[in-house]
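To be precise, the following lines are coords.cif, and they hold mmCIF, C-alpha atoms and all ligand atoms.
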```
data_work
#
loop_
_atom_site.label_atom_id
_atom_site.label_comp_id
_atom_site.auth_asym_id
_atom_site.auth_seq_id
_atom_site.Cartn_x
_atom_site.Cartn_y
_atom_site.Cartn_z
CA MET A 140 15.90 13.40 -10.24
CA GLN A 141 13.54 10.70 -11.46
CA PRO A 142 10.21 11.59 -13.06
CA SER A 143 7.22 10.71 -10.93
CA ARG A 144 4.81 8.00 -11.96
CA VAL A 145 1.28 7.49 -10.88
CA ASN A 146 1.30 3.73 -11.32
CA GLU A 147 3.91 3.10 -8.68
CA SER A 148 3.74 2.08 -5.05
CA PRO A 149 6.12 3.78 -2.64
CA THR A 150 9.63 2.52 -3.39
CA ALA A 151 8.46 0.17 -6.09
CA LEU A 152 10.69 -2.72 -7.02
CA ARG A 153 9.08 -3.83 -10.28
CA GLY A 154 11.85 -4.85 -12.66
CA LEU A 155 14.46 -4.68 -9.93
CA LEU A 156 13.92 -8.15 -8.47
CA PRO A 157 14.36 -11.38 -10.43
CA PRO A 158 10.79 -12.48 -11.38
CA ASP A 159 11.21 -15.96 -9.83
CA LEU A 160 11.54 -14.36 -6.41
CA LEU A 161 7.98 -13.01 -6.55
CA ARG A 162 6.34 -15.99 -8.26
CA ARG A 163 3.55 -17.59 -6.26
CA GLY A 164 2.72 -21.25 -5.78
CA GLY A 165 0.60 -23.18 -3.28
CA CYS A 166 -1.26 -21.23 -0.60
CA PRO A 167 -2.21 -17.76 -1.91
CA PHE A 168 -1.70 -16.23 1.54
CA ASP A 169 1.88 -17.40 2.01
CA PRO A 170 4.91 -15.39 0.87
CA PRO A 171 5.93 -16.02 -2.77
CA ALA A 172 7.61 -19.41 -3.17
CA GLY A 173 10.85 -17.74 -4.35
CA LEU A 174 11.10 -15.81 -1.09
CA ARG A 175 9.99 -18.81 0.94
CA ARG A 176 12.86 -20.87 -0.39
CA ARG A 177 15.25 -18.36 1.10
CA ARG A 178 13.94 -18.80 4.65
CA GLY A 179 16.71 -20.19 6.85
CA GLN A 180 19.47 -18.94 4.55
CA GLY A 181 20.35 -16.03 6.83
CA ALA A 182 18.57 -12.91 8.07
CA VAL A 183 20.71 -10.84 5.65
CA GLN A 184 21.68 -12.76 2.54
CA PRO A 185 23.21 -12.02 -0.86
CA LEU A 186 20.80 -11.50 -3.75
CA ALA A 187 21.38 -11.08 -7.48
CA LEU A 188 19.05 -8.41 -8.91
CA ALA A 189 17.26 -8.92 -12.22
CA ASN A 190 20.13 -7.16 -14.02
CA GLY A 191 22.66 -9.42 -12.24
CA ALA A 192 23.91 -6.69 -9.89
CA PRO A 193 24.85 -7.94 -6.42
CA ALA A 194 22.52 -6.82 -3.63
CA PHE A 195 21.22 -7.99 -0.23
CA LEU A 196 17.92 -9.52 0.83
CA VAL A 197 16.77 -9.02 4.42
CA THR A 198 14.41 -11.68 5.82
CA GLY A 199 14.95 -11.16 9.57
CA PHE A 200 12.58 -8.93 11.57
CA GLU A 201 15.21 -7.20 13.76
CA GLU A 202 17.56 -6.75 10.81
CA ALA A 203 14.78 -5.17 8.72
CA ARG A 204 13.99 -2.72 11.52
CA ALA A 205 17.66 -1.87 11.77
CA VAL A 206 17.84 -1.05 8.03
CA LEU A 207 14.59 0.95 7.89
CA GLY A 208 15.44 2.78 11.12
CA ASP A 209 18.83 3.95 9.82
CA VAL A 210 18.73 6.96 7.48
CA ARG A 211 22.16 6.05 6.15
CA PHE A 212 20.09 3.66 4.04
CA SER A 213 18.73 6.03 1.43
CA ALA A 214 15.28 5.96 -0.22
CA ASP A 215 16.45 8.32 -2.98
CA ARG A 216 16.07 6.57 -6.33
CA VAL A 217 18.77 8.74 -7.87
CA ARG A 218 21.21 6.86 -5.69
CA HIS A 219 19.63 3.67 -6.92
CA PRO A 220 21.23 2.91 -10.29
CA ASP A 221 19.82 -0.62 -10.38
CA ALA A 222 16.28 0.62 -9.84
CA ALA A 223 16.71 3.35 -12.44
CA ALA A 224 18.11 0.85 -14.96
CA ALA A 225 15.31 -1.62 -14.27
CA ASP A 226 12.67 1.04 -14.62
CA ARG A 227 11.85 0.79 -18.32
CA THR A 228 8.12 1.51 -18.11
CA PRO A 229 7.22 4.37 -20.48
CA ARG A 230 6.75 7.62 -18.63
CA ALA A 231 3.14 8.49 -17.99
CA VAL A 232 3.80 12.17 -17.41
CA PRO A 233 6.53 14.74 -17.83
CA ALA A 234 9.23 14.91 -15.15
CA ARG A 235 7.80 16.36 -11.98
CA THR A 236 9.47 15.43 -8.75
CA ASP A 237 9.20 18.34 -6.36
CA GLY A 238 6.78 16.66 -3.99
CA GLN A 239 7.84 13.01 -4.33
CA PHE A 240 8.85 12.79 -0.68
CA VAL A 241 8.66 8.98 -0.82
CA PHE A 242 11.98 9.08 -2.69
CA MET A 243 13.61 11.77 -0.55
CA ASP A 244 15.97 11.51 2.40
CA PRO A 245 16.10 13.77 5.45
CA PRO A 246 16.25 16.73 5.78
CA GLU A 247 14.49 17.27 2.40
CA HIS A 248 11.98 14.54 3.28
CA THR A 249 11.42 15.82 6.81
CA ARG A 250 9.78 19.12 5.88
CA LEU A 251 7.21 17.64 3.52
CA ARG A 252 6.53 14.68 5.78
CA ARG A 253 5.90 17.00 8.77
CA LEU A 254 3.56 19.14 6.72
CA LEU A 255 1.59 16.06 5.68
CA THR A 256 1.53 14.49 9.15
CA GLY A 257 0.03 17.74 10.45
CA GLN A 258 -2.92 17.22 8.08
CA PHE A 259 -3.80 13.73 9.35
CA THR A 260 -5.50 15.25 12.42
CA VAL A 261 -7.66 13.31 14.88
CA ARG A 262 -10.64 15.46 13.87
CA ARG A 263 -10.17 14.79 10.16
CA MET A 264 -9.65 11.05 10.75
CA LYS A 265 -12.79 10.87 12.91
CA ALA A 266 -14.86 12.57 10.20
CA LEU A 267 -13.39 10.23 7.58
CA GLU A 268 -14.22 7.17 9.67
CA GLU A 269 -17.90 8.14 9.72
CA HIS A 270 -17.73 8.64 5.99
CA ILE A 271 -16.08 5.23 5.47
CA ARG A 272 -19.01 3.60 7.28
CA GLU A 273 -21.54 5.36 5.07
CA ILE A 274 -19.64 4.27 1.95
CA ALA A 275 -19.33 0.65 3.18
CA VAL A 276 -23.01 0.39 4.16
CA SER A 277 -24.25 1.92 0.89
CA HIS A 278 -22.07 -0.40 -1.20
CA ILE A 279 -23.30 -3.48 0.68
CA ALA A 280 -26.87 -2.25 0.17
CA ALA A 281 -26.21 -1.83 -3.59
CA MET A 282 -24.75 -5.35 -3.79
CA THR A 283 -27.67 -6.99 -2.02
CA ALA A 284 -30.22 -4.96 -3.99
CA ALA A 285 -28.66 -6.21 -7.24
CA GLY A 286 -28.79 -9.94 -6.41
CA THR A 287 -27.16 -12.62 -4.29
CA GLU A 288 -23.72 -12.69 -5.89
CA ALA A 289 -21.05 -10.10 -6.69
CA ASP A 290 -17.41 -9.67 -7.48
CA LEU A 291 -16.23 -8.06 -4.26
CA VAL A 292 -13.24 -6.32 -5.88
CA PRO A 293 -15.10 -3.83 -8.13
CA ALA A 294 -18.23 -3.82 -5.93
CA TYR A 295 -16.55 -3.08 -2.59
CA ALA A 296 -12.75 -3.33 -2.25
CA LEU A 297 -11.83 -0.80 -4.97
CA PRO A 298 -14.46 1.93 -4.51
CA ILE A 299 -13.96 2.30 -0.75
CA PRO A 300 -10.34 3.55 -0.77
CA SER A 301 -11.03 5.54 -3.92
CA LEU A 302 -13.96 7.42 -2.37
CA VAL A 303 -12.04 7.91 0.88
CA ILE A 304 -9.17 9.54 -1.02
CA CYS A 305 -11.72 11.78 -2.81
CA GLU A 306 -12.98 12.88 0.58
CA LEU A 307 -9.46 13.39 1.94
CA LEU A 308 -8.36 15.48 -1.05
CA GLY A 309 -11.68 17.30 -1.33
CA VAL A 310 -12.76 16.13 -4.80
CA ASP A 311 -16.28 17.42 -5.59
CA TYR A 312 -19.08 14.85 -5.74
CA ALA A 313 -19.79 15.80 -9.36
CA ASP A 314 -16.22 14.91 -10.38
CA ARG A 315 -15.92 11.63 -8.47
CA ARG A 316 -16.97 9.22 -11.15
CA SER A 317 -14.52 10.48 -13.77
CA PHE A 318 -11.81 10.79 -11.09
CA GLN A 319 -12.39 7.17 -10.06
CA GLU A 320 -12.41 5.91 -13.63
CA ARG A 321 -9.13 7.66 -14.45
CA THR A 322 -7.48 6.53 -11.24
CA ALA A 323 -8.56 2.92 -11.76
CA LEU A 324 -7.18 2.98 -15.31
CA ALA A 325 -3.91 4.74 -14.43
CA LEU A 326 -3.26 2.24 -11.63
CA ASN A 327 -4.35 -0.84 -13.57
CA GLY A 328 -1.22 -2.84 -14.40
CA ASP A 329 -3.30 -5.05 -16.77
CA ALA A 330 -4.39 -2.14 -19.00
CA PRO A 331 -2.46 -1.21 -22.19
CA ALA A 332 0.39 1.24 -21.47
CA ALA A 333 -0.98 3.92 -23.84
CA GLU A 334 -4.36 3.95 -22.09
CA ARG A 335 -2.75 4.10 -18.68
CA GLN A 336 -0.57 6.99 -19.74
CA ARG A 337 -3.53 8.91 -21.12
CA ALA A 338 -5.46 8.35 -17.88
CA ALA A 339 -2.42 9.44 -15.85
CA ARG A 340 -2.02 12.62 -17.91
CA GLU A 341 -5.69 13.43 -17.40
CA LEU A 342 -5.35 12.73 -13.70
CA TYR A 343 -2.40 15.12 -13.41
CA ALA A 344 -4.38 17.77 -15.30
CA PHE A 345 -7.36 17.17 -13.02
CA MET A 346 -5.17 17.49 -9.91
CA GLY A 347 -3.73 20.75 -11.25
CA GLY A 348 -7.26 22.09 -11.68
CA LEU A 349 -8.29 20.85 -8.25
CA ILE A 350 -5.40 22.67 -6.59
CA ALA A 351 -6.18 25.90 -8.46
CA ALA A 352 -9.80 25.59 -7.26
CA LYS A 353 -8.68 25.01 -3.65
CA ARG A 354 -6.46 28.08 -3.76
CA GLU A 355 -9.49 30.11 -4.83
CA ARG A 356 -12.07 28.50 -2.54
CA PRO A 357 -10.41 26.56 0.31
CA GLY A 358 -12.49 23.86 1.99
CA ASP A 359 -12.04 21.57 4.98
CA ASP A 360 -9.92 19.01 3.10
CA LEU A 361 -6.24 18.06 3.23
CA LEU A 362 -5.19 20.06 0.15
CA SER A 363 -6.85 23.21 1.50
CA GLY A 364 -5.12 22.55 4.84
CA LEU A 365 -1.75 22.33 3.09
CA ILE A 366 -2.43 25.56 1.21
CA ARG A 367 -3.26 27.25 4.53
CA ASP A 368 -0.39 25.80 6.61
CA ALA A 369 2.65 25.43 4.32
CA GLU A 370 5.27 28.07 5.05
CA PRO A 371 7.01 28.79 2.72
CA PRO A 372 4.07 27.95 0.42
CA LEU A 373 4.27 24.84 -1.74
CA THR A 374 4.49 25.17 -5.49
CA ASP A 375 1.74 23.83 -7.73
CA ALA A 376 4.11 21.08 -8.91
CA GLN A 377 4.73 20.01 -5.30
CA PHE A 378 0.99 19.96 -4.62
CA VAL A 379 0.25 17.82 -7.64
CA ASP A 380 3.03 15.40 -6.72
CA ILE A 381 1.82 15.12 -3.14
CA ALA A 382 -1.76 14.50 -4.24
CA VAL A 383 -0.61 11.82 -6.70
CA VAL A 384 1.62 10.15 -4.07
CA LEU A 385 -1.33 9.94 -1.67
CA LEU A 386 -3.52 8.56 -4.39
CA GLY A 387 -1.04 5.91 -5.54
CA ALA A 388 0.02 4.91 -2.03
CA GLY A 389 -3.43 4.80 -0.49
CA HIS A 390 -5.54 3.26 -3.21
CA GLU A 391 -4.08 0.00 -4.48
CA THR A 392 -2.75 -1.05 -1.06
CA THR A 393 -6.00 -0.71 0.87
CA ALA A 394 -8.09 -2.16 -1.96
CA ASN A 395 -5.92 -5.28 -2.06
CA MET A 396 -5.97 -5.64 1.70
CA LEU A 397 -9.79 -5.58 1.60
CA GLY A 398 -10.01 -8.16 -1.21
CA LEU A 399 -7.27 -10.50 0.01
CA GLY A 400 -8.23 -9.99 3.68
CA THR A 401 -11.82 -11.09 2.99
CA PHE A 402 -10.52 -14.09 1.01
CA ALA A 403 -8.22 -15.08 3.89
CA LEU A 404 -11.03 -14.84 6.44
CA LEU A 405 -13.39 -16.90 4.26
CA GLU A 406 -10.70 -19.57 3.94
CA ASN A 407 -10.14 -19.61 7.71
CA PRO A 408 -13.72 -20.19 8.93
CA GLY A 409 -12.66 -20.77 12.57
CA GLN A 410 -11.02 -17.35 12.66
CA LEU A 411 -13.97 -15.72 10.93
CA ALA A 412 -16.38 -17.31 13.44
CA ALA A 413 -14.25 -16.02 16.35
CA LEU A 414 -14.39 -12.53 14.85
CA ARG A 415 -18.14 -12.66 14.33
CA ALA A 416 -18.64 -13.88 17.89
CA ASP A 417 -16.54 -11.05 19.30
CA PRO A 418 -16.35 -7.96 17.06
CA ALA A 419 -14.07 -6.36 19.68
CA LEU A 420 -11.38 -8.54 18.08
CA LEU A 421 -11.59 -6.53 14.85
CA ASP A 422 -8.65 -4.25 15.68
CA THR A 423 -6.27 -7.10 16.42
CA ALA A 424 -7.64 -9.09 13.47
CA VAL A 425 -6.77 -6.23 11.12
CA GLU A 426 -3.20 -6.10 12.51
CA GLU A 427 -2.92 -9.85 12.12
CA LEU A 428 -4.19 -9.72 8.52
CA LEU A 429 -1.66 -6.99 7.75
CA ARG A 430 1.13 -9.16 9.17
CA TYR A 431 -0.04 -12.45 7.71
CA LEU A 432 -0.75 -11.12 4.21
CA SER A 433 2.02 -8.47 3.96
CA ILE A 434 0.74 -7.33 0.57
CA GLN A 435 3.58 -4.88 -0.03
CA LEU A 436 6.16 -7.47 -0.95
CA GLY A 437 9.28 -5.39 -0.60
CA VAL A 438 10.80 -2.02 0.11
CA SER A 439 14.30 -1.12 -0.95
CA ARG A 440 17.06 1.17 0.20
CA VAL A 441 20.63 1.92 -0.87
CA ALA A 442 23.52 2.03 1.62
CA THR A 443 25.22 5.44 1.51
CA THR A 444 28.21 4.09 3.45
CA ALA A 445 29.40 0.64 4.59
CA ILE A 446 27.05 -0.54 7.37
CA GLU A 447 26.99 -3.80 9.30
CA ILE A 448 23.58 -5.41 9.74
CA GLY A 449 23.15 -8.79 11.43
CA GLY A 450 26.87 -9.50 11.13
CA VAL A 451 26.96 -8.78 7.37
CA VAL A 452 28.74 -5.70 6.03
CA ILE A 453 26.66 -3.94 3.38
CA PRO A 454 29.08 -1.95 1.20
CA ALA A 455 28.39 1.65 0.19
CA GLY A 456 26.19 1.80 -2.91
CA ALA A 457 24.64 -1.65 -2.41
CA THR A 458 20.88 -2.15 -2.77
CA VAL A 459 19.08 -3.71 0.17
CA VAL A 460 15.67 -5.29 -0.35
CA ILE A 461 13.46 -5.91 2.68
CA ALA A 462 11.38 -9.06 2.08
CA VAL A 463 8.36 -7.82 4.03
CA PRO A 464 6.30 -11.09 3.92
CA GLU A 465 9.22 -13.12 5.27
CA VAL A 466 10.16 -10.50 7.85
CA ASN A 467 6.57 -10.55 9.13
CA ARG A 468 6.80 -14.33 9.50
CA ASP A 469 10.30 -14.50 10.93
CA PRO A 470 10.18 -17.55 13.25
CA ALA A 471 12.81 -15.89 15.47
CA HIS A 472 10.27 -13.14 16.19
CA TRP A 473 6.78 -14.65 15.90
CA GLY A 474 5.44 -17.84 17.46
CA ASP A 475 3.74 -20.10 14.89
CA PRO A 476 4.23 -17.37 12.23
CA ASP A 477 2.44 -19.14 9.37
CA ARG A 478 -0.85 -19.30 11.25
CA LEU A 479 -3.53 -16.62 10.89
CA ASP A 480 -4.59 -16.00 14.48
CA VAL A 481 -7.03 -13.15 15.15
CA HIS A 482 -6.27 -13.49 18.87
CA ARG A 483 -2.58 -12.76 18.38
CA GLY A 484 -1.61 -9.75 20.51
CA ARG A 485 -1.13 -6.52 18.61
CA GLY A 486 2.65 -6.53 18.10
CA PRO A 487 4.63 -4.27 15.79
CA HIS A 488 4.71 -5.79 12.30
CA LEU A 489 6.44 -4.19 9.34
CA ALA A 490 3.54 -4.20 6.87
CA PHE A 491 3.54 -0.39 7.07
CA GLY A 492 7.33 -0.20 7.00
CA HIS A 493 9.36 1.43 9.77
CA GLY A 494 11.43 4.56 10.36
CA VAL A 495 11.11 7.94 8.65
CA HIS A 496 9.14 6.59 5.67
CA GLN A 497 6.74 4.49 7.76
CA CYS A 498 3.30 4.57 6.15
CA LEU A 499 1.80 8.01 6.49
CA GLY A 500 -1.72 6.72 5.89
CA GLN A 501 -1.66 3.80 8.32
CA GLN A 502 -4.25 5.29 10.67
CA LEU A 503 -6.57 5.82 7.73
CA ALA A 504 -5.84 2.37 6.27
CA ARG A 505 -6.62 0.78 9.64
CA ALA A 506 -9.91 2.68 9.87
CA GLU A 507 -10.87 1.62 6.33
CA MET A 508 -10.08 -2.05 6.99
CA THR A 509 -11.75 -2.19 10.42
CA VAL A 510 -14.95 -0.53 9.25
CA ALA A 511 -15.18 -2.19 5.82
CA LEU A 512 -14.38 -5.73 7.01
CA GLY A 513 -16.55 -5.31 10.12
CA GLU A 514 -19.60 -4.11 8.16
CA LEU A 515 -19.15 -6.85 5.56
CA ILE A 516 -19.00 -9.78 7.95
CA THR A 517 -21.80 -8.56 10.21
CA ARG A 518 -24.22 -7.45 7.48
CA LEU A 519 -23.64 -10.55 5.36
CA PRO A 520 -23.52 -13.43 7.88
CA ARG A 521 -23.72 -16.07 5.11
CA LEU A 522 -20.92 -14.54 3.03
CA ARG A 523 -18.87 -17.19 1.20
CA LEU A 524 -16.91 -17.72 -2.01
CA ALA A 525 -19.05 -18.26 -5.12
CA VAL A 526 -16.30 -20.29 -6.85
CA PRO A 527 -13.68 -22.75 -5.56
CA ALA A 528 -10.76 -21.02 -3.82
CA ALA A 529 -8.35 -22.37 -6.45
CA ALA A 530 -10.28 -20.41 -9.14
CA ILE A 531 -9.66 -17.01 -7.52
CA PRO A 532 -7.17 -15.12 -9.74
CA VAL A 533 -4.30 -13.77 -7.63
CA ARG A 534 -2.04 -10.87 -8.60
CA ASP A 535 0.94 -13.08 -9.34
CA GLU A 536 4.33 -11.37 -9.64
CA MET A 537 2.85 -8.00 -8.67
CA LEU A 538 4.59 -5.99 -5.99
CA ILE A 539 1.33 -5.20 -4.27
CA PHE A 540 -0.18 -8.63 -3.84
CA GLY A 541 -3.92 -9.30 -3.83
CA VAL A 542 -6.74 -10.74 -5.92
CA HIS A 543 -7.96 -9.55 -9.33
CA SER A 544 -11.48 -10.60 -8.48
CA LEU A 545 -13.36 -12.26 -5.61
CA PRO A 546 -16.76 -13.71 -6.59
CA VAL A 547 -18.86 -14.08 -3.41
CA THR A 548 -22.41 -14.99 -2.53
CA TRP A 549 -24.49 -14.40 0.63
CA SER A 550 -27.84 -16.12 0.01
C1 LIG A 601 -3.20 -1.48 3.91
C2 LIG A 601 -2.84 -0.42 3.30
C3 LIG A 601 -1.42 0.11 3.22
C4 LIG A 601 -0.22 -0.55 3.26
C5 LIG A 601 0.03 -2.05 3.41
C6 LIG A 601 0.82 0.46 3.13
C7 LIG A 601 2.18 0.18 3.16
C8 LIG A 601 3.17 1.14 3.16
C9 LIG A 601 4.59 0.87 3.32
C10 LIG A 601 5.23 -0.50 3.52
C11 LIG A 601 5.23 2.07 3.27
C12 LIG A 601 6.74 2.30 3.47
C13 LIG A 601 7.49 2.38 2.17
C14 LIG A 601 8.98 2.58 2.39
O1 LIG A 601 9.49 2.56 3.51
O2 LIG A 601 9.69 2.76 1.38
C15 LIG A 601 4.23 3.10 3.05
C16 LIG A 601 4.51 4.44 2.91
C17 LIG A 601 3.54 5.37 2.61
N1 LIG A 601 2.18 5.19 2.63
FE1 LIG A 601 1.19 3.47 2.94
N2 LIG A 601 0.22 1.69 3.01
C18 LIG A 601 -1.15 1.54 3.07
C19 LIG A 601 -2.12 2.52 3.01
C20 LIG A 601 -1.86 3.86 2.83
C21 LIG A 601 -2.85 4.90 2.75
C22 LIG A 601 -4.36 4.71 2.91
C23 LIG A 601 -2.18 6.08 2.49
C24 LIG A 601 -2.69 7.49 2.30
C25 LIG A 601 -3.87 7.91 2.28
C26 LIG A 601 -0.77 5.76 2.44
C27 LIG A 601 0.23 6.67 2.19
C28 LIG A 601 1.58 6.39 2.29
C29 LIG A 601 2.61 7.39 2.04
C30 LIG A 601 2.37 8.84 1.65
C31 LIG A 601 3.85 6.75 2.24
C32 LIG A 601 5.24 7.37 2.10
C33 LIG A 601 5.66 7.99 3.41
C34 LIG A 601 7.03 8.60 3.36
O3 LIG A 601 7.80 8.35 2.44
O4 LIG A 601 7.35 9.35 4.30
N3 LIG A 601 -0.61 4.41 2.65
N4 LIG A 601 2.99 2.51 3.00
#
```
Would you give me this structure, written as structure tokens?
Amino acid sequence: MQPSRVNESPTALRGLLPPDLLRRGGCPFDPPAGLRRRRGQGAVQPLALANGAPAFLVTGFEEARAVLGDVRFSADRVRHPDAAAADRTPRAVPARTDGQFVFMDPPEHTRLRRLLTGQFTVRRMKALEEHIREIAVSHIAAMTAAGTEADLVPAYALPIPSLVICELLGVDYADRRSFQERTALALNGDAPAAERQRAARELYAFMGGLIAAKRERPGDDLLSGLIRDAEPPLTDAQFVDIAVVLLGAGHETTANMLGLGTFALLENPGQLAALRADPALLDTAVEELLRYLSIQLGVSRVATTAIEIGGVVIPAGATVVIAVPEVNRDPAHWGDPDRLDVHRGRGPHLAFGHGVHQCLGQQLARAEMTVALGELITRLPRLRLAVPAAAIPVRDEMLIFGVHSLPVTWS
């Protein structure tokens, strides 16, 4: 089993893919130029991994659904020798894998996934949505009280998902600041490795303490719900893993969608005006932003047996990489795929994946994006970039795409 790591997205591919594939160039909202070049070369095409091992890249929408919908394609990293070999980042924490359901296959995955799904109840989501609005409104108020300009990433995009996860997991108000600081550091790919590891170790220790406290005094949060409902009971190691998976999966993704999504709307003033004129479009606009921006650049699987996809036979043991940004702009599936169109009907995109590992937090992510983007564009009608678009630093070569900062003004 592989040790768990806090600084990883689900099924991370860092080090697995050749760097030129993820390199950007031109429009910051388009798929990386390396992936773009492969458009038209086949829905399932050969790919050499960073270590030279032969693999397959899937760029077609239907083919990607076929892979992700077929559990003979495994998510288990132990089966993934290329990923394991590429994974040279120093370990942040000791081996602890009991609850890393992201890297499990059915039936092992099914039990934990069901337990978790049972905690994302309508009632809990409704309560969280109200909380998201309070957080969004108070952060806009703090920004406007402090002046007429701000960097939207630290002022808005990062704290919202962080505070929402605190609420979901039941982190006490008194502990939130240190929790946020440690999370931000542990997840910050730009920070020195030693600092990130220290923050990750502290975060694991904090989570252990949190779970002990919940066992003693259960609340109305997800962890308390798991303690109440899991039969047979989960171990402490499983709890800590689950909490860390939720944190890693739900934090960086949503934060980058808020930053990059705002940038994309500001750079498409016609679309932004349409949204302001008819806020009922917010739901479809969020789906369209998820499709158009596809911030999670890839998910990978390993074939456990020879399987034919789109006329290509994937041999047993081969790695398959789903090029999510290309799949979500497959011209065989979407009309005018490179256009951001907030009127586009809500069709199934693959930004949240598909199949048994499809994003567990998608309902929550949608609520965060709808509320946070909606409040931002209605409360700040003159919102615009404070620097030229070309000066916005993008997260080049990162597997979760986005912006490092987004200076905006609203005067
Ligand atoms: C815009 C924000 C988000 C995006 C783009 C996103 C994207 C994804 C994708 C593509 C997967 C599938 C990975 C795979 O098949 O290997 C996934 C899985 C997952 N996501 Fe999200 N996610 C987002 C927000 C969230 C949030 C807010 C949470 C939790 C609070 C969350 C929790 C998870 C978990 C736990 C999994 C693994 C599910 C499993 O393995 O069964 N995500 N996400």
(request) Name the residues, by chain letter and number, that sit within 6 Å of ligand LIG 601 (chain A) using only C-alpha atoms and all ligand atoms, and give them as a ChimeraX atom specification. (result) /A:149-150,240-241,252,384-385,388-389,392-393,396,435,438,490-492,495-501,503-504
(message) Please list as a ChimeraX atom specification every residue within 8 Å of Ala442 of chain A, counting only C-alpha atoms and excluding residues in the same chain fewer than 5 positions away.
(response) /A:211-213,453-459
For the selection just defined, write its residues with C-alpha atoms to a file, as a tab-separated table (two decimals), in the coordinates of the input.
```tsv
chain	number	residue	atom	x	y	z
A	211	ARG	CA	22.16	6.05	6.15
A	212	PHE	CA	20.09	3.66	4.04
A	213	SER	CA	18.73	6.03	1.43
A	453	ILE	CA	26.66	-3.94	3.38
A	454	PRO	CA	29.08	-1.95	1.20
A	455	ALA	CA	28.39	1.65	0.19
A	456	GLY	CA	26.19	1.80	-2.91
A	457	ALA	CA	24.64	-1.65	-2.41
A	458	THR	CA	20.88	-2.15	-2.77
A	459	VAL	CA	19.08	-3.71	0.17
```
(request) Pick out the closest residue to Leu155 of chain A from this set: A:Val452, A:Leu362, A:Leu512, A:Ala194. Count only C-alpha atoms. (result)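 Once distances to Leu155 of chain A are computed over only C-alpha atoms, the minimum belongs to A:Ala194.
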(message) Which residues are close to Arg250 of chain A, i.e. within 12 Å by all atoms listed in the file, leaving aside same-chain residues fewer than 5 positions away? Reply as number ranges by chain.
(response) A: 238, 240, 243-245, 255-257, 369-373, 495
(request) Counting only C-alpha atoms, write as a PyMOL selection string all protein and nucleic acid residues lying at most 12 Å from (-18.5, 4.1, 2.6) in the file's frame. (result) chain A and resi 266-281+294-306+506-508+510-512+514-515
(message) Env of Gly450 of chain A: 10 Å cut, atoms = only C-alpha atoms, seq-sep filter 6 positions within chain, self excluded. Answer as a VMD selection string.
(response) chain A and resid 182 to 183 202
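Take atom CA of Thr374 of chain A and atom CA of Gln502 of chain A: the distance between them is 27.1 Å.
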(request) Using all atoms listed in the file, pick whichever of A:Thr322, A:Ser439, A:Gln239, A:Ser433 has the shortest atom-to-atom distance to Leu196 of chain A. (result) A:Ser439
(message) My list of candidates is A:Gly449, A:Pro527, A:Pro487, A:Gly541. Which is closest to Phe195 of chain A when distances are computed with only C-alpha atoms?
(response)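 Checking each candidate against Phe195 of chain A, we get A:Gly449 as the closest.
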